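Below is one structure, written out as structure tokens; the observations come after it.
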4 protein chains.
Amino acid sequence: MSVSPFDHPVLSGLLGDEEVAALFSFEAERDGMLRFEIALAEAEAEEGVIPGEAAAAIAAALAEPTLDLDDLKAGTASDGVIVPALVRQLRALLGDPHGAKVHFGATSQDAIDTSLSLRLQKLLAILGGRFDKLIDALTELEAREGGTGVMAHTRMQAAIPVTAARKIRSWREPLVRHRDRIEALENEVAILHFGGAAGSLDRLGDKGVGVSRRLAAKLGLRAVLRPRHSERDGQAALANWLSLVTGSLGKMGQDIALSAQTEIGEIRLAGGGGSSAMPHKVNPVGAEMLVALARFNATLLAGMHQALVHENERSGAAWTLEWMLLPQMAVATAAALRIAGGLLDGLAFAGKNAAH
Amino acid sequence: MSVSPFDHPVLSGLLGDEEVAALFSFEAERDGMLRFEIALAEAEAEEGVIPGEAAAAIAAALAEPTLDLDDLKAGTASDGVIVPALVRQLRALLGDPHGAKVHFGATSQDAIDTSLSLRLQKLLAILGGRFDKLIDALTELEAREGGTGVMAHTRMQAAIPVTAARKIRSWREPLVRHRDRIEALENEVAILHFGGAAGSLDRLGDKGVGVSRRLAAKLGLRAVLRPRHSERDGQAALANWLSLVTGSLGKMGQDIALSAQTEIGEIRLAGGGGSSAMPHKVNPVGAEMLVALARFNATLLAGMHQALVHENERSGAAWTLEWMLLPQMAVATAAALRIAGGLLDGLAFAGKNAAH
Amino acid sequence: MSVSPFDHPVLSGLLGDEEVAALFSFEAERDGMLRFEIALAEAEAEEGVIPGEAAAAIAAALAEPTLDLDDLKAGTASDGVIVPALVRQLRALLGDPHGAKVHFGATSQDAIDTSLSLRLQKLLAILGGRFDKLIDALTELEAREGGTGVMAHTRMQAAIPVTAARKIRSWREPLVRHRDRIEALENEVAILHFGGAAGSLDRLGDKGVGVSRRLAAKLGLRAVLRPRHSERDGQAALANWLSLVTGSLGKMGQDIALSAQTEIGEIRLAGGGGSSAMPHKVNPVGAEMLVALARFNATLLAGMHQALVHENERSGAAWTLEWMLLPQMAVATAAALRIAGGLLDGLAFAGKNAAH
Amino acid sequence: MSVSPFDHPVLSGLLGDEEVAALFSFEAERDGMLRFEIALAEAEAEEGVIPGEAAAAIAAALAEPTLDLDDLKAGTASDGVIVPALVRQLRALLGDPHGAKVHFGATSQDAIDTSLSLRLQKLLAILGGRFDKLIDALTELEAREGGTGVMAHTRMQAAIPVTAARKIRSWREPLVRHRDRIEALENEVAILHFGGAAGSLDRLGDKGVGVSRRLAAKLGLRAVLRPRHSERDGQAALANWLSLVTGSLGKMGQDIALSAQTEIGEIRLAGGGGSSAMPHKVNPVGAEMLVALARFNATLLAGMHQALVHENERSGAAWTLEWMLLPQMAVATAAALRIAGGLLDGLAFAGKNAAH
């Protein structure tokens with residue numbers, strides 16, 4: 001046990017996911033913000049908002065800046081966001097006259113939310129790849145063992161014999177549907193957040209739209225007409241999708257754990273978990289973890305929807321609540337996809353019941 | 001207070017919605033199931049599964065059958081679903097030889113879930129109409145008062161002056177996005193559920209696909225290749241959407257309640273609520289209800305996602321959990337749309353702060 | 001399906017509980033408010049705040065008043081609470097000069113929350129009685145069948161043989177702990193709520209404490225020094241307890257459903273549910289309902305805790321949220337206790353595994 | 001943003017709590033398990049279950065063992081729990097003949113849950129101390145500023161003038177109630193978990209009770225008659241209490257943020273947060289964090305109650321779910337108490353409204 005099992009030196013082996021966790025590390029977050037600030041300076045220079053040499057100086061200085069982490073931590077504790085302290089450090093790094101041009105016209109939320117957008121874009125790409133593999137694995141499983149007879153169970157009782165294909169398709173098809181939603185989701189979350197103090201880009205005059213378009217293009221994000229500082233349906237929709245994925249995998253895990261029960265034995269697992277008290281046991285650990293991760297994400301999803309009640313132009317409370325929930329949900333989903341892949345690797349249907 | 005405020009003789013005036021609640025009445029549910037059984041018999045007759053005269057007899061007898069409600073209630077208490085008792089009554093009504101053809105090849109979940117599909121289809125149509133009106137109202141509000149100056153507030157503090165248009169658009173645009181999702185949602189939930197005992201249409205032999213297609217067409221539902229008895233992502237996606245809608249309206253309600261605070265007074269409401277102790281007060285009751293309904297749906301959404309962990313071919317526990325949550329979420333959403341419309345009716349921006 | 005299964009003409013047979021639902025009917029709520037208003041008048045008369053004859057007139061007029069339900073519904077829709085309209089009707093019933101003395105010095109929340117307190121007190125008494133019976137039934141089950149051998153299952157796998165007593169005690173002892181918390185809970189929730197407009201009893205001058213004590217005594221509730229209009233930990237603690245109860249019963253239900261699986265057969269149930277497609281099945285409907293009710297209450301509990309964030313001296317949003325959740329949780333708990341009793345009635349251990 | 005803000009190098013300054021987070025570090029968890037294993041060996045030696053020299057050897061070897069973390073991580077990934085790999089390492093450290101006596105008669109859950117008990121005991125002591133300070137701070141605030149006039153606000157509208165004391169007491173008294181529950185809670189959670197493979201201490205014959213009592217005494221934990229491997233009401237009750245605490249503090253935070261609004265200005269805060277776009281702002285960051293932490297814990301609580309549905313003698317899924325939720329809830333609560341203390345430090349009532 002640790003504050004978060006996803007960050008735990010031991011439990012992360014069970015429940016974590018290094019590749020996706022890395023997207024939510026401080027380093028990745030910082031790099032996303034620096035990328036935003038550099039691209040912002042460049043876009044503003046191109047639109048004539050700041051001098052070209054300021055943008056060049058900013059790009060150089062922010063490429064690999066040495067940051068004072070203690071100061072960032074203290075600043076975050078005081079300001080609620082890292083950006084004021086970060087911008088102060090970056091401006092000091094640059095000195096006069098270009099320092100003042102860092103973060104010009106932007107607000108903390110622009111940097112933080114856009115850094116998140118960049119990483120959510122990567123998240124969807126990573127998860128998309130895993131979906132492909134998992135769906136393929138289920139297709140192969142059906143090809144190999146779909147004809148095996150199994151007992152259907154409804155309401156926790158044996159019903160009538162069916163084929164394993166019936167079961168495998170009920171695991172596979174929801175995943176296909178979830179994969180098919182990725183593109184629409186990317187459209188929702190891989191967007192530029194740029195609005196300045198109160199979302200009106202008040203410091204940029206009539207250059208706001210131009211800077212926004214250039215900035216989005218540089219970052220490979222979708223430009224939206226207005227910032228969504230206080231409209232969090234994109235984040236909530238992503239959270240919903242993450243929980244749909246873990247829910248569908250949790251259903252598969254539950255089915256596998258039920259079918260692998262000693263007395264039922266319709267599914268055999270390779271490499272189940274051992275027990276400290278009962279060496280004879282083969283525990284369906286992966287299947288159980290899928291259930292646990294499903295219930296975890298289902299739980300946290302409620303908080304992401306509570307965060308939709310985002311007061312006025314920026315809610316410190318609702319926004320912070322997202323930070324406490326969304327990264328965990330992403331890693332939980334990645335872990336579930338990873339675990340599901342491993343679980344299928346050694347899975348075989350036992351063929352105890354005649355096929356229908 | 002009552003078991004449910006949505007069914008309460010007094011509180012339903014505040015929190016309920018008659019039009020949408022009617023979709024979840026026993027009568028509507030029953031009618032949906034009867035429609036399913038009649039269409040099923042007709043489809044089976046057309047495919048040669050049952051005699052044409054059986055289908056005709058079923059259609060006649062089920063048009064307006066007299067049902068024994070006490071028996072249905074007792075049967076449901078015992079079986080966990082209404083269908084065995086209902087089918088028993090319907091078969092008795094028909095008598096020999098056609099009685100046995102009622103519900104042929106189907107299972108309880110087919111009738112119940114399809115009845116729900118029919119009503120969810122109506123739900124989306126009703127809510128869609130309300131969206132149109134609400135979005136229009138916000139467009140008009142912006143046209144009328146968008147130029148008024150208001151103070152932007154970030155992190156619960158006055159920030160900089162903006163126009164009311166900034167605020168109105170942050171309420172309107174999420175609603176546009178939600179409306180645009182309705183069609184995709186309908187594709188997910190307005191589907192035929194038809195699989196028989198264990199989802200394999202085992203009683204229909206090679207006629208399964210034909211009967212399914214005809215049945216779906218008769219009911220105006222989408223035919224899906226396989227029944228989704230145990231795949232509940234459609235229901236969960238609908239619940240997510242309902243909670244996105246109430247969340248966005250809750251954000252609008254929160255904003256209005258904050259702007260209408262006595263000391264701030266940037267928004268004036270017509271017809272606020274009175275107090276039994278303080279006759280001078282004008283309470284922003286509608287705005288508060290939007291917040292309450294948002295937090296309600298956000299809460300219940302978690303349970304809809306817990307229900308994704310649906311064991312095997314049919315989970316009595318997970319399925320029943322949906323019945324306890326989804327209808328409430330639908331009515332809460334309808335109520336929020338209704339309340340939001342009323343709230344905007346008498347809303348005016350006070351113009352205390354110079355426009356930006 | 002209906003807006004709430006607890007109010008549904010058919011589903012309430014499965015999931016409802018008439019005795020406890022009655023506590024949350026409009027009639028019970030109204031009677032509690034009238035009892036509050038009568039006792040308030042009497043207490044105020046005894047303290048010299050209002051004339052004795054006013055109190056007598058109020059007691060007479062409010063004994064069985066004829067109320068205009070449509071007006072109450074419309075008033076609630078407008079004011080967010082029933083009390084302004086109710087008090088207006090009651091004052092009109094009384095006429096001059098005593099009408100003005102109805103509800104003197106009180107606020108809506110005093111009447112509504114105290115009416116709830118009176119009914120929560122009854123709720124705990126009813127549930128307490130059911131606990132006694134259920135605990136006795138488990139004690140008898142252990143006496144009768146505790147020696148039967150069953151297989152222990154850990155992590156969904158057969159572990160080692162134990163006796164049925166091991167299992168029965170793990171169901172019974174949490175219930176004993178929950179029962180033992182009832183007295184402390186009653187102390188939290190069966191309290192007088194009386195504070196006037198803003199909790200300071202501003203209209204009563206130095207008579208506030210005296211009136212409070214007399215009022216509490218008349219109603220059989222605990223007097224607390226200050227009203228808890230905005231302190232909702234009592235309600236949240238009750239909700240937690242309700243969910244602990246359904247959680248423990250849900251665990252029992254899950255165990256029973258698992259042990260009653262066709263292939264395991266360690267538990268036999270009398271009178272399981274039938275299937276419309278598979279007449280041979282005996283579904284563990286009661287056990288499944290216990291799981292569903294547990295997950296339902298666990299879900300709703302989160303909302304009761306969200307309602308702790310109760311802004312200022314009275315939050316319309318947070319308070320209303322309680323109304324949407326707590327009554328359902330109470331009925332769900334009552335239903336679970338009722339169902340658990342029925343489930344144990346016909347339960348037998350099959351003795352397939354040698355006792356340890 | 002990071003997987004968990006509580007473990008984040010920067011965000012932990014805002015939302016974390018080092019002292020309590022340390023209780024949930026791997027090191028603390030490991031030390032608790034080693035303490036369990038040493039005390040178990042000693043208790044078993046005293047009861048004659050294992051030789052005294054085995055116990056002495058175990059105590060020596062487990063005092064500061066060098067562990068292979070990679071192996072523990074891999075073992076946990078495979079077994080779902082750390083204990084099989086840990087015990088294997090510890091037995092190898094000891095070698096023959098005493099190695100086999102490590103963990104004798106115990107199961108993984110005994111070691112893990114008891115290690116948690118030891119740390120929850122410390123948690124309650126730490127939080128208890130913070131409660132004392134916070135309650136004192138509120139008492140002092142009332143003594144100093146309780147007479148200041150403030151406007152009461154009900155339903156987001158100015159109601160009538162009251163004194164600051166009215167507000168301060170509504171913050172303080174729930175905390176007093178929460179503090180008073182600590183002792184009962186400790187009784188629930190600071191217990192020995194010891195049951196062996198299936199809770200029956202099957203390997204210890206008639207020595208089970210004796211070993212249990214000695215073991216509990218050595219560890220300073222309460223001995224309970226039977227292990228509560230599958231009865232998780234203690235953990236859920238703790239989670240409820242944690243969320244009650246953050247809920248009450250969230251209510252205080254919400255009140256402070258509302259009173260500190262620029263236009264209201266009834267509360268002044270020292271050292272609010274700065275903005276990257278608006279240097280003039282003083283954001284009520286601490287108050288917002290209290291709201292965010294309240295909503296966070298309210299959200300997670302639902303999952304702890306879902307985990308009550310703990311199938312059979314040990315549920316891998318439900319138990320793991322606790323690991324993902326409870327530590328975070330504890331740190332969130334500690335952070336809220338820490339932040340609340342800081343917030344009160346610089347808080348003053350402005351005295352804009354005449355006292356009542």
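Residues are referred to by chain and number: the chain letter is A, B, ... according to the order shown in the structure tokens, the number counts from 1 in that chain, and ligands are numbered separately from 1 in the order shown.
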Give me the residues of chain D that have any atom at most 8 Å from an atom of chain C; for each, the nearest atom pair and the distance in Å, rounded to one decimal. Use only C-alpha atoms, sort by chain and number, and format it as a Markdown table.
| residue | atom | partner | partner_atom | distance |
| --- | --- | --- | --- | --- |
| D:Ala152 | CA | C:Ala198 | CA | 6.2 |
| D:His153 | CA | C:Glu313 | CA | 5.6 |
| D:Thr154 | CA | C:Arg314 | CA | 4.4 |
| D:Arg155 | CA | C:Ser315 | CA | 4.9 |
| D:Met156 | CA | C:Ser315 | CA | 7.0 |
| D:Ala159 | CA | C:Ala198 | CA | 7.0 |
| D:Ile160 | CA | C:Ala198 | CA | 6.9 |
| D:Val162 | CA | C:Ser200 | CA | 7.3 |
| D:Arg166 | CA | C:Ser200 | CA | 7.3 |
| D:Lys167 | CA | C:Glu313 | CA | 7.8 |
| D:Ser170 | CA | C:Glu231 | CA | 6.6 |
| D:Pro174 | CA | C:Glu231 | CA | 6.8 |
| D:Ala197 | CA | C:Ala159 | CA | 7.4 |
| D:Ala198 | CA | C:Ala152 | CA | 6.2 |
| D:Gly199 | CA | C:Arg166 | CA | 7.8 |
| D:Ser200 | CA | C:Val162 | CA | 7.3 |
| D:Arg228 | CA | C:Ser170 | CA | 7.6 |
| D:Ser230 | CA | C:Ser170 | CA | 7.3 |
| D:Glu231 | CA | C:Ser170 | CA | 6.6 |
| D:Asp233 | CA | C:Leu244 | CA | 6.4 |
| D:Ala236 | CA | C:Leu244 | CA | 7.5 |
| D:Ala237 | CA | C:Asn240 | CA | 7.6 |
| D:Asn240 | CA | C:Asn240 | CA | 6.6 |
| D:Ser243 | CA | C:His305 | CA | 7.1 |
| D:Leu244 | CA | C:Asp233 | CA | 6.4 |
| D:Gly247 | CA | C:Leu308 | CA | 5.1 |
| D:Ser248 | CA | C:Leu308 | CA | 6.3 |
| D:Gly250 | CA | C:Val309 | CA | 5.6 |
| D:Lys251 | CA | C:Val309 | CA | 4.3 |
| D:Gln254 | CA | C:Glu311 | CA | 6.0 |
| D:Asp255 | CA | C:Asn312 | CA | 5.3 |
| D:Val291 | CA | C:Val309 | CA | 7.2 |
| D:Ala294 | CA | C:Gln306 | CA | 7.4 |
| D:Arg295 | CA | C:Gln306 | CA | 5.9 |
| D:Ala298 | CA | C:Ala302 | CA | 5.0 |
| D:Thr299 | CA | C:Ala302 | CA | 5.4 |
| D:Leu300 | CA | C:Ala302 | CA | 7.6 |
| D:Leu301 | CA | C:Ala302 | CA | 6.2 |
| D:Ala302 | CA | C:Ala298 | CA | 5.0 |
| D:Gly303 | CA | C:Ala298 | CA | 7.3 |
| D:His305 | CA | C:Ala298 | CA | 5.1 |
| D:Gln306 | CA | C:Ala298 | CA | 5.7 |
| D:Leu308 | CA | C:Gly247 | CA | 5.1 |
| D:Val309 | CA | C:Lys251 | CA | 4.3 |
| D:His310 | CA | C:Lys251 | CA | 5.5 |
| D:Glu311 | CA | C:Asp255 | CA | 5.7 |
| D:Asn312 | CA | C:Asp255 | CA | 5.3 |
| D:Glu313 | CA | C:Thr154 | CA | 5.2 |
| D:Arg314 | CA | C:Thr154 | CA | 4.4 |
| D:Ser315 | CA | C:Arg155 | CA | 4.9 |
| D:Gly316 | CA | C:Arg155 | CA | 5.0 |
| D:Ala317 | CA | C:Arg155 | CA | 7.8 |
key: Residue set, region 17-205 of chain C restricted to alpha helix (DSSP H), as number ranges by chain   = C: 18-23, 26-46, 52-61, 69-79, 83-94, 108-145, 164-180, 182-189
message = For region 134-140 of chain D, find every residue with an atom within 10 Å (counting only C-alpha atoms), except residues of its own chain fewer than 6 positions away, and show them as a list in words.
response = Gly128, Gly146, Ala165, Ile168, Arg169, Trp171, Arg172, Glu173, Pro174, Leu175, Val176, Arg179, Leu337, Arg338, Ala340, Gly341, Gly342, Leu344 and Asp345 of chain D
key: Residues near region 203-218 of chain A, cut-off 7 Å, only C-alpha atoms, skip fewer than 5 positions along chain, as a ChimeraX atom specification   = /A:39-40,43-44,47,105,192,194,223
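One distance worth recording is that between CA of Leu94 (chain B) and CA of Pro279 (chain C), which is 19.9 Å.
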Long-range neighbours of Pro97 (chain A) as a PyMOL selection string, 12 Å cut-off, only C-alpha atoms, 5 positions minimum in chain = chain A and resi 50-51+53-55+57-58+91-92+102
Those residues with N, CA, C and O atoms, as a compact mmCIF listing (two decimals), in the first residue's frame please?
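Output contents, as saved in result.txt:
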# COMPACT_ATOMS: atom_id res chain seq x y z
N ILE A 50 4.69 40.14 -30.27
CA ILE A 50 5.97 40.35 -29.58
C ILE A 50 7.06 40.32 -30.65
O ILE A 50 6.86 39.80 -31.75
N PRO A 51 8.25 40.87 -30.35
CA PRO A 51 9.33 40.89 -31.34
C PRO A 51 9.82 39.48 -31.66
O PRO A 51 9.82 38.60 -30.79
N GLU A 53 12.79 38.52 -32.06
CA GLU A 53 13.97 38.12 -31.28
C GLU A 53 13.59 37.69 -29.86
O GLU A 53 14.28 36.87 -29.24
N ALA A 54 12.49 38.22 -29.36
CA ALA A 54 12.00 37.74 -28.07
C ALA A 54 11.61 36.27 -28.19
O ALA A 54 11.96 35.44 -27.34
N ALA A 55 10.89 35.95 -29.25
CA ALA A 55 10.48 34.56 -29.45
C ALA A 55 11.68 33.65 -29.59
O ALA A 55 11.71 32.54 -29.03
N ALA A 57 14.66 34.15 -28.38
CA ALA A 57 15.32 34.04 -27.08
C ALA A 57 14.54 33.10 -26.16
O ALA A 57 15.11 32.30 -25.41
N ILE A 58 13.24 33.21 -26.23
CA ILE A 58 12.40 32.33 -25.39
C ILE A 58 12.58 30.87 -25.81
O ILE A 58 12.75 29.98 -24.97
N ARG A 91 11.13 33.91 -16.61
CA ARG A 91 11.43 35.31 -16.90
C ARG A 91 12.78 35.71 -16.33
O ARG A 91 13.54 36.45 -16.96
N ALA A 92 13.08 35.19 -15.15
CA ALA A 92 14.38 35.51 -14.55
C ALA A 92 15.51 34.90 -15.38
O ALA A 92 16.56 35.51 -15.57
N VAL A 102 7.61 36.22 -22.02
CA VAL A 102 7.20 34.83 -21.74
C VAL A 102 5.76 34.84 -21.26
O VAL A 102 5.39 35.67 -20.41
Of the listed residues D:Leu123, D:Phe6, D:Leu141, D:Lys281, that which approaches Glu18 (chain D) most closely, counting only C-alpha atoms = D:Phe6
task = Could you check how far CA of Gly265 (chain A) sits from CA of Val282 (chain A), in Å to one decimal?
result =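 Separation between CA of Gly265 (chain A) and CA of Val282 (chain A): 11.9 Å.
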key: Spatial neighbours of Leu269 (chain B), max dist 7 Å, only C-alpha atoms, sep filter under 5 positions, as a list in words   =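 The residues that qualify are Gly346, Leu347 and Ala348 of chain B.
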request  = Pick out each residue of region 23-271 of chain A that DSSP on the backbone tags as strand (DSSP E); I need them as number ranges by chain.
outcome  = A: 149-154, 157-163, 267-268
request  = Can you work out the spacing between CA of Ala59 (chain A) and CA of Glu19 (chain A) in Å, to one decimal?
outcome  =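 We find that CA of Ala59 (chain A) and CA of Glu19 (chain A) lie 27.6 Å from each other.
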message = Give me the residues near Glu29 (chain C) as number ranges by chain, where near means some atom within 9 Å (using only C-alpha atoms) and where sequence neighbours in that chain fewer than 4 positions away do not count.
response = B: 1-2; C: 23-25, 33-34, 112, 115-116, 119
Restricted to all heavy atoms, what would the selected residues look like written as a compact mmCIF listing (two decimals), in the first residue's frame?
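This is the output file result_1.txt:
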# COMPACT_ATOMS: atom_id res chain seq x y z
N MET B 1 -40.56 15.33 1.14
CA MET B 1 -39.71 14.16 0.93
C MET B 1 -40.57 12.93 0.68
O MET B 1 -41.67 12.81 1.20
CB MET B 1 -38.84 13.95 2.18
CG MET B 1 -37.67 13.03 1.94
SD MET B 1 -36.50 13.04 3.34
CE MET B 1 -35.80 14.68 3.25
N SER B 2 -40.11 12.08 -0.16
CA SER B 2 -40.80 10.81 -0.46
C SER B 2 -39.71 9.86 -0.88
O SER B 2 -38.55 10.24 -0.96
CB SER B 2 -41.79 10.97 -1.60
OG SER B 2 -41.10 10.93 -2.82
N LEU C 23 -42.83 5.93 5.75
CA LEU C 23 -42.21 7.03 6.51
C LEU C 23 -41.82 8.19 5.61
O LEU C 23 -41.63 9.31 6.08
CB LEU C 23 -40.96 6.53 7.23
CG LEU C 23 -41.13 5.44 8.28
CD1 LEU C 23 -39.77 5.05 8.85
CD2 LEU C 23 -42.04 5.94 9.40
N PHE C 24 -41.65 7.92 4.34
CA PHE C 24 -41.21 8.96 3.42
C PHE C 24 -42.32 9.39 2.45
O PHE C 24 -42.06 10.03 1.44
CB PHE C 24 -39.95 8.50 2.67
CG PHE C 24 -38.82 8.23 3.61
CD1 PHE C 24 -38.51 6.94 4.02
CD2 PHE C 24 -38.11 9.28 4.16
CE1 PHE C 24 -37.49 6.70 4.92
CE2 PHE C 24 -37.08 9.05 5.06
CZ PHE C 24 -36.77 7.76 5.44
N SER C 25 -43.54 9.02 2.78
CA SER C 25 -44.68 9.48 1.99
C SER C 25 -44.94 10.95 2.29
O SER C 25 -44.50 11.49 3.30
CB SER C 25 -45.92 8.67 2.37
OG SER C 25 -46.27 8.98 3.70
N MET C 33 -44.53 17.69 10.00
CA MET C 33 -44.45 19.17 10.02
C MET C 33 -45.57 19.75 10.87
O MET C 33 -45.37 20.71 11.62
CB MET C 33 -44.50 19.71 8.59
CG MET C 33 -43.24 19.38 7.81
SD MET C 33 -43.13 20.26 6.21
CE MET C 33 -44.38 19.36 5.30
N LEU C 34 -46.76 19.18 10.76
CA LEU C 34 -47.88 19.69 11.57
C LEU C 34 -47.60 19.46 13.05
O LEU C 34 -47.87 20.33 13.88
CB LEU C 34 -49.19 19.00 11.14
CG LEU C 34 -49.66 19.33 9.71
CD1 LEU C 34 -50.88 18.48 9.35
CD2 LEU C 34 -49.99 20.83 9.57
N ILE C 112 -39.09 21.17 8.18
CA ILE C 112 -38.79 20.02 7.31
C ILE C 112 -37.79 19.08 7.96
O ILE C 112 -37.98 17.86 7.98
CB ILE C 112 -38.29 20.54 5.93
CG1 ILE C 112 -39.44 21.23 5.20
CG2 ILE C 112 -37.73 19.39 5.11
CD1 ILE C 112 -39.03 21.92 3.91
N SER C 115 -39.40 17.32 10.96
CA SER C 115 -40.30 16.26 10.48
C SER C 115 -39.49 15.04 10.08
O SER C 115 -39.85 13.90 10.37
CB SER C 115 -41.14 16.78 9.30
OG SER C 115 -41.85 15.71 8.70
N LEU C 116 -38.37 15.28 9.45
CA LEU C 116 -37.51 14.17 9.07
C LEU C 116 -36.96 13.45 10.31
O LEU C 116 -36.92 12.22 10.37
CB LEU C 116 -36.36 14.67 8.18
CG LEU C 116 -35.37 13.61 7.71
CD1 LEU C 116 -36.06 12.52 6.88
CD2 LEU C 116 -34.26 14.23 6.89
N ARG C 119 -39.25 10.99 11.73
CA ARG C 119 -39.39 9.78 10.93
C ARG C 119 -38.12 8.93 10.92
O ARG C 119 -38.17 7.71 10.86
CB ARG C 119 -39.86 10.16 9.52
CG ARG C 119 -41.31 10.71 9.61
CD ARG C 119 -41.81 11.33 8.35
NE ARG C 119 -41.11 12.57 8.01
CZ ARG C 119 -40.57 12.82 6.81
NH1 ARG C 119 -40.66 11.92 5.85
NH2 ARG C 119 -39.97 13.97 6.59
